[in-house]
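Novice: One structure, pasted below without further comment.
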Amino acid sequence: MKKIEHLGIAVHDLEASNLLFEKLLGVSHYKIEDVASEGVRTSFFAAGPNKIELLEPTSPESPIAKFLEKKGEGIHHVAIAVDDLEAEIARLTKEGFTVLNEKPKKGADNKLVVFLHPKSTNGVLIELCQDATPPIDKWGME
Ligand code: CO
């Protein structure tokens with residue numbers, strides 16, 4: 001585990017929250033990206049060395065829509081950067097954590113991601129992410 005890569009915050013209205021976080025952090029978001037497979041639109045802020053990801057659902061079936069329904073807006077996940085996602089999946093499975101997707105999938109901001117079920121991590125959804133090389137937009141997927 002290298003560091004906390006970003007915090008993910010679920011929001012109802014990305015546009016309004018972008019303005020709010022711009023005011024809060026004093027910087028503009030540096031990208032907006034749809035992750036169709038997850039049914040979310042994301043925006044990213046860099047505050048010094050730290051990143052915040054805002055997540056707005058784009059469909060009622062989105063996991064973010066379900067989260068908002070159940071818990072309301074707030075911190076949705078903590079993302080941790082790793083060097084070798086496959087090795088971490090193997091290690092954490094062996095340690096008894098519940099890995100939600102055994103195969104890394106495309107996340108936002110050029111990452112491969114795997115999620116750990118919150119029931120095995122003190123109620124916090126954990127995203128493990130690894131930089132995608134070559135960059136995902138060069139894969140010709142989707
Ligand atoms: Co994230």
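In the structure tokens, chains take the letters A, B, ... in the order shown, each chain's residues start at 1, and ligands count up from 1 in the order shown.
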Could I get the residue neighbourhood of ligand 1 at 8 Å, counting only C-alpha atoms and all ligand atoms, as JSON, numbers by chain?
Specialist: {"A": [6, 7, 8, 53, 77, 78, 79, 107, 108, 127]}
Novice: For the selection just defined, write its residues with N, CA, C and O atoms to a file, as a short mmCIF file (atom, residue, chain, number, x, y, z; two decimals), in the first residue's frame.
Specialist:
```cif
data_model
loop_
_atom_site.label_atom_id
_atom_site.label_comp_id
_atom_site.auth_asym_id
_atom_site.auth_seq_id
_atom_site.Cartn_x
_atom_site.Cartn_y
_atom_site.Cartn_z
N HIS A 6 -7.22 8.85 -3.15
CA HIS A 6 -8.26 9.89 -3.10
C HIS A 6 -9.37 9.47 -2.16
O HIS A 6 -9.45 8.32 -1.74
N LEU A 7 -10.22 10.44 -1.84
CA LEU A 7 -11.46 10.16 -1.13
C LEU A 7 -12.59 10.32 -2.14
O LEU A 7 -12.60 11.27 -2.92
N GLY A 8 -13.52 9.39 -2.12
CA GLY A 8 -14.69 9.47 -3.00
C GLY A 8 -15.90 9.96 -2.22
O GLY A 8 -16.21 9.41 -1.15
N GLU A 53 -12.55 12.88 -5.23
CA GLU A 53 -13.40 12.47 -6.36
C GLU A 53 -14.86 12.67 -5.94
O GLU A 53 -15.29 12.13 -4.93
N HIS A 77 -16.12 6.23 -0.49
CA HIS A 77 -15.02 5.27 -0.41
C HIS A 77 -13.69 5.96 -0.15
O HIS A 77 -13.55 7.17 -0.35
N VAL A 78 -12.74 5.16 0.33
CA VAL A 78 -11.36 5.60 0.48
C VAL A 78 -10.56 4.79 -0.53
O VAL A 78 -10.64 3.55 -0.55
N ALA A 79 -9.82 5.48 -1.39
CA ALA A 79 -9.03 4.79 -2.41
C ALA A 79 -7.56 4.76 -1.98
O ALA A 79 -7.01 5.77 -1.55
N GLY A 107 -11.33 2.08 -13.76
CA GLY A 107 -11.91 3.12 -12.92
C GLY A 107 -11.71 4.46 -13.59
O GLY A 107 -11.24 4.54 -14.73
N ALA A 108 -12.05 5.52 -12.88
CA ALA A 108 -11.86 6.86 -13.42
C ALA A 108 -10.39 7.27 -13.28
O ALA A 108 -9.63 6.63 -12.54
N GLU A 127 -11.31 1.20 -2.11
CA GLU A 127 -10.95 1.03 -3.52
C GLU A 127 -9.43 0.91 -3.57
O GLU A 127 -8.73 1.76 -3.04
#
```
Novice: Would you list the contacts of range 109-114 of chain A as a list in words, taking every protein, DNA or RNA residue within 6 Å and counting only C-alpha atoms, but skipping same-chain residues closer than 4 positions in sequence?
Specialist: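 Non-adjacent residues within range: Asn101, Pro104, Lys105, Glu127, Leu128, Cys129, Gln130, Asp131, Ala132 and Ile136 of chain A.
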Novice: As an MDAnalysis selection string, which residues of range 39-130 of chain A does DSSP assign to strand (DSSP E or B)?
Specialist: chainID A and resid 40:47 50:57 74:81 99 105:106 111:116 125:130
Novice: From the options A:Leu54, A:Met1, A:Ile80, A:Ala36, which residue's atoms come nearest to Asn18 in chain A, counting only C-alpha atoms?
Specialist: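 For Asn18 in chain A, the nearest of the given residues is A:Leu54.
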Novice: List the neighbours of range 22-30 of chain A out to 10 Å using only C-alpha atoms; skip same-chain residues closer than 4 positions along the sequence, and give me the result as a PDB file with N, CA, C and O atoms, in the first residue's frame.
Specialist:
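Contents of result-v3.pdb, as written:
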```
ATOM      1  N   ALA A  16     -23.430  21.486  -8.857  1.00  0.00           N
ATOM      2  CA  ALA A  16     -23.494  22.280  -7.627  1.00  0.00           C
ATOM      3  C   ALA A  16     -22.324  21.939  -6.710  1.00  0.00           C
ATOM      4  O   ALA A  16     -21.718  22.825  -6.094  1.00  0.00           O
ATOM      5  N   SER A  17     -21.992  20.669  -6.625  1.00  0.00           N
ATOM      6  CA  SER A  17     -20.904  20.247  -5.742  1.00  0.00           C
ATOM      7  C   SER A  17     -19.545  20.683  -6.281  1.00  0.00           C
ATOM      8  O   SER A  17     -18.627  20.960  -5.506  1.00  0.00           O
ATOM      9  N   ASN A  18     -19.410  20.749  -7.603  1.00  0.00           N
ATOM     10  CA  ASN A  18     -18.165  21.273  -8.169  1.00  0.00           C
ATOM     11  C   ASN A  18     -17.938  22.713  -7.706  1.00  0.00           C
ATOM     12  O   ASN A  18     -16.825  23.083  -7.321  1.00  0.00           O
ATOM     13  N   SER A  43     -15.968  13.886 -10.875  1.00  0.00           N
ATOM     14  CA  SER A  43     -15.068  15.008 -11.100  1.00  0.00           C
ATOM     15  C   SER A  43     -13.953  14.915 -10.073  1.00  0.00           C
ATOM     16  O   SER A  43     -14.155  14.370  -8.977  1.00  0.00           O
ATOM     17  N   PHE A  44     -12.793  15.398 -10.461  1.00  0.00           N
ATOM     18  CA  PHE A  44     -11.615  15.270  -9.611  1.00  0.00           C
ATOM     19  C   PHE A  44     -11.022  16.623  -9.258  1.00  0.00           C
ATOM     20  O   PHE A  44     -10.900  17.504 -10.113  1.00  0.00           O
ATOM     21  N   PHE A  45     -10.656  16.741  -8.006  1.00  0.00           N
ATOM     22  CA  PHE A  45      -9.967  17.924  -7.497  1.00  0.00           C
ATOM     23  C   PHE A  45      -8.615  17.494  -6.955  1.00  0.00           C
ATOM     24  O   PHE A  45      -8.505  16.429  -6.336  1.00  0.00           O
ATOM     25  N   ALA A  46      -7.618  18.334  -7.166  1.00  0.00           N
ATOM     26  CA  ALA A  46      -6.318  18.110  -6.536  1.00  0.00           C
ATOM     27  C   ALA A  46      -6.104  19.245  -5.558  1.00  0.00           C
ATOM     28  O   ALA A  46      -6.122  20.418  -5.934  1.00  0.00           O
ATOM     29  N   ALA A  47      -5.942  18.884  -4.292  1.00  0.00           N
ATOM     30  CA  ALA A  47      -5.642  19.879  -3.265  1.00  0.00           C
ATOM     31  C   ALA A  47      -4.274  19.542  -2.724  1.00  0.00           C
ATOM     32  O   ALA A  47      -4.124  18.586  -1.968  1.00  0.00           O
ATOM     33  N   GLY A  48      -3.264  20.298  -3.159  1.00  0.00           N
ATOM     34  CA  GLY A  48      -1.903  19.906  -2.808  1.00  0.00           C
ATOM     35  C   GLY A  48      -1.660  18.494  -3.324  1.00  0.00           C
ATOM     36  O   GLY A  48      -2.016  18.169  -4.455  1.00  0.00           O
ATOM     37  N   LYS A  51      -6.197  14.162  -3.453  1.00  0.00           N
ATOM     38  CA  LYS A  51      -7.260  14.204  -4.455  1.00  0.00           C
ATOM     39  C   LYS A  51      -8.610  13.881  -3.836  1.00  0.00           C
ATOM     40  O   LYS A  51      -8.705  13.066  -2.922  1.00  0.00           O
ATOM     41  N   ILE A  52      -9.631  14.532  -4.387  1.00  0.00           N
ATOM     42  CA  ILE A  52     -11.010  14.241  -4.007  1.00  0.00           C
ATOM     43  C   ILE A  52     -11.778  13.942  -5.286  1.00  0.00           C
ATOM     44  O   ILE A  52     -11.623  14.629  -6.295  1.00  0.00           O
ATOM     45  N   GLU A  53     -12.554  12.882  -5.231  1.00  0.00           N
ATOM     46  CA  GLU A  53     -13.400  12.474  -6.356  1.00  0.00           C
ATOM     47  C   GLU A  53     -14.861  12.672  -5.942  1.00  0.00           C
ATOM     48  O   GLU A  53     -15.292  12.131  -4.930  1.00  0.00           O
ATOM     49  N   LEU A  54     -15.579  13.458  -6.706  1.00  0.00           N
ATOM     50  CA  LEU A  54     -17.022  13.582  -6.476  1.00  0.00           C
ATOM     51  C   LEU A  54     -17.727  12.625  -7.428  1.00  0.00           C
ATOM     52  O   LEU A  54     -17.328  12.487  -8.593  1.00  0.00           O
TER      53      LEU A  54
END
```
Novice: Considering only C-alpha atoms, return as an MDAnalysis selection string whatever protein or nucleic-acid residues lie within 6 Å of Gly39 in chain A, sequence-local ones (same chain, fewer than 3 positions apart) excluded.
Specialist: chainID A and resid 36 57:59 62
Novice: For CA of Lys66 in chain A and CA of Arg41 in chain A, quote the distance in Å rounded to one decimal.
Specialist: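 Separation between CA of Lys66 in chain A and CA of Arg41 in chain A: 14.7 Å.
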Novice: Could you find all residues in range 31-69 of chain A that DSSP calls helix (DSSP H, G or I) from the backbone, and write them as a PDB file with N, CA and C atoms, in the first residue's frame?
Specialist:
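Okay, this is what ended up in part_13.pdb:
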```pdb
ATOM      1  N   ALA A  36     -19.126   4.678 -17.399  1.00  0.00           N
ATOM      2  CA  ALA A  36     -20.413   4.128 -17.818  1.00  0.00           C
ATOM      3  C   ALA A  36     -20.719   2.820 -17.089  1.00  0.00           C
ATOM      4  N   SER A  37     -19.698   1.982 -16.916  1.00  0.00           N
ATOM      5  CA  SER A  37     -19.903   0.671 -16.303  1.00  0.00           C
ATOM      6  C   SER A  37     -20.413   0.788 -14.870  1.00  0.00           C
ATOM      7  N   GLU A  38     -20.088   1.890 -14.193  1.00  0.00           N
ATOM      8  CA  GLU A  38     -20.517   2.083 -12.807  1.00  0.00           C
ATOM      9  C   GLU A  38     -21.744   2.999 -12.704  1.00  0.00           C
ATOM     10  N   PRO A  63     -24.628   2.045  -8.285  1.00  0.00           N
ATOM     11  CA  PRO A  63     -24.330   1.840  -6.865  1.00  0.00           C
ATOM     12  C   PRO A  63     -24.318   3.167  -6.091  1.00  0.00           C
ATOM     13  N   ILE A  64     -23.985   4.248  -6.757  1.00  0.00           N
ATOM     14  CA  ILE A  64     -23.975   5.557  -6.089  1.00  0.00           C
ATOM     15  C   ILE A  64     -25.404   6.022  -5.809  1.00  0.00           C
ATOM     16  N   ALA A  65     -26.324   5.731  -6.730  1.00  0.00           N
ATOM     17  CA  ALA A  65     -27.731   6.078  -6.494  1.00  0.00           C
ATOM     18  C   ALA A  65     -28.239   5.326  -5.269  1.00  0.00           C
ATOM     19  N   LYS A  66     -27.867   4.060  -5.171  1.00  0.00           N
ATOM     20  CA  LYS A  66     -28.318   3.241  -4.036  1.00  0.00           C
ATOM     21  C   LYS A  66     -27.711   3.747  -2.733  1.00  0.00           C
ATOM     22  N   PHE A  67     -26.442   4.130  -2.803  1.00  0.00           N
ATOM     23  CA  PHE A  67     -25.765   4.670  -1.622  1.00  0.00           C
ATOM     24  C   PHE A  67     -26.460   5.953  -1.145  1.00  0.00           C
ATOM     25  N   LEU A  68     -26.760   6.847  -2.093  1.00  0.00           N
ATOM     26  CA  LEU A  68     -27.407   8.118  -1.747  1.00  0.00           C
ATOM     27  C   LEU A  68     -28.780   7.881  -1.121  1.00  0.00           C
ATOM     28  N   GLU A  69     -29.504   6.909  -1.678  1.00  0.00           N
ATOM     29  CA  GLU A  69     -30.822   6.560  -1.159  1.00  0.00           C
ATOM     30  C   GLU A  69     -30.726   6.112   0.303  1.00  0.00           C
TER      31      GLU A  69
END
```
Novice: What separation in Å, quoted to one decimal, exists between CA of Ile9 in chain A and CA of Leu55 in chain A?
Specialist: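 Here the two named atoms are 6.0 Å from each other.
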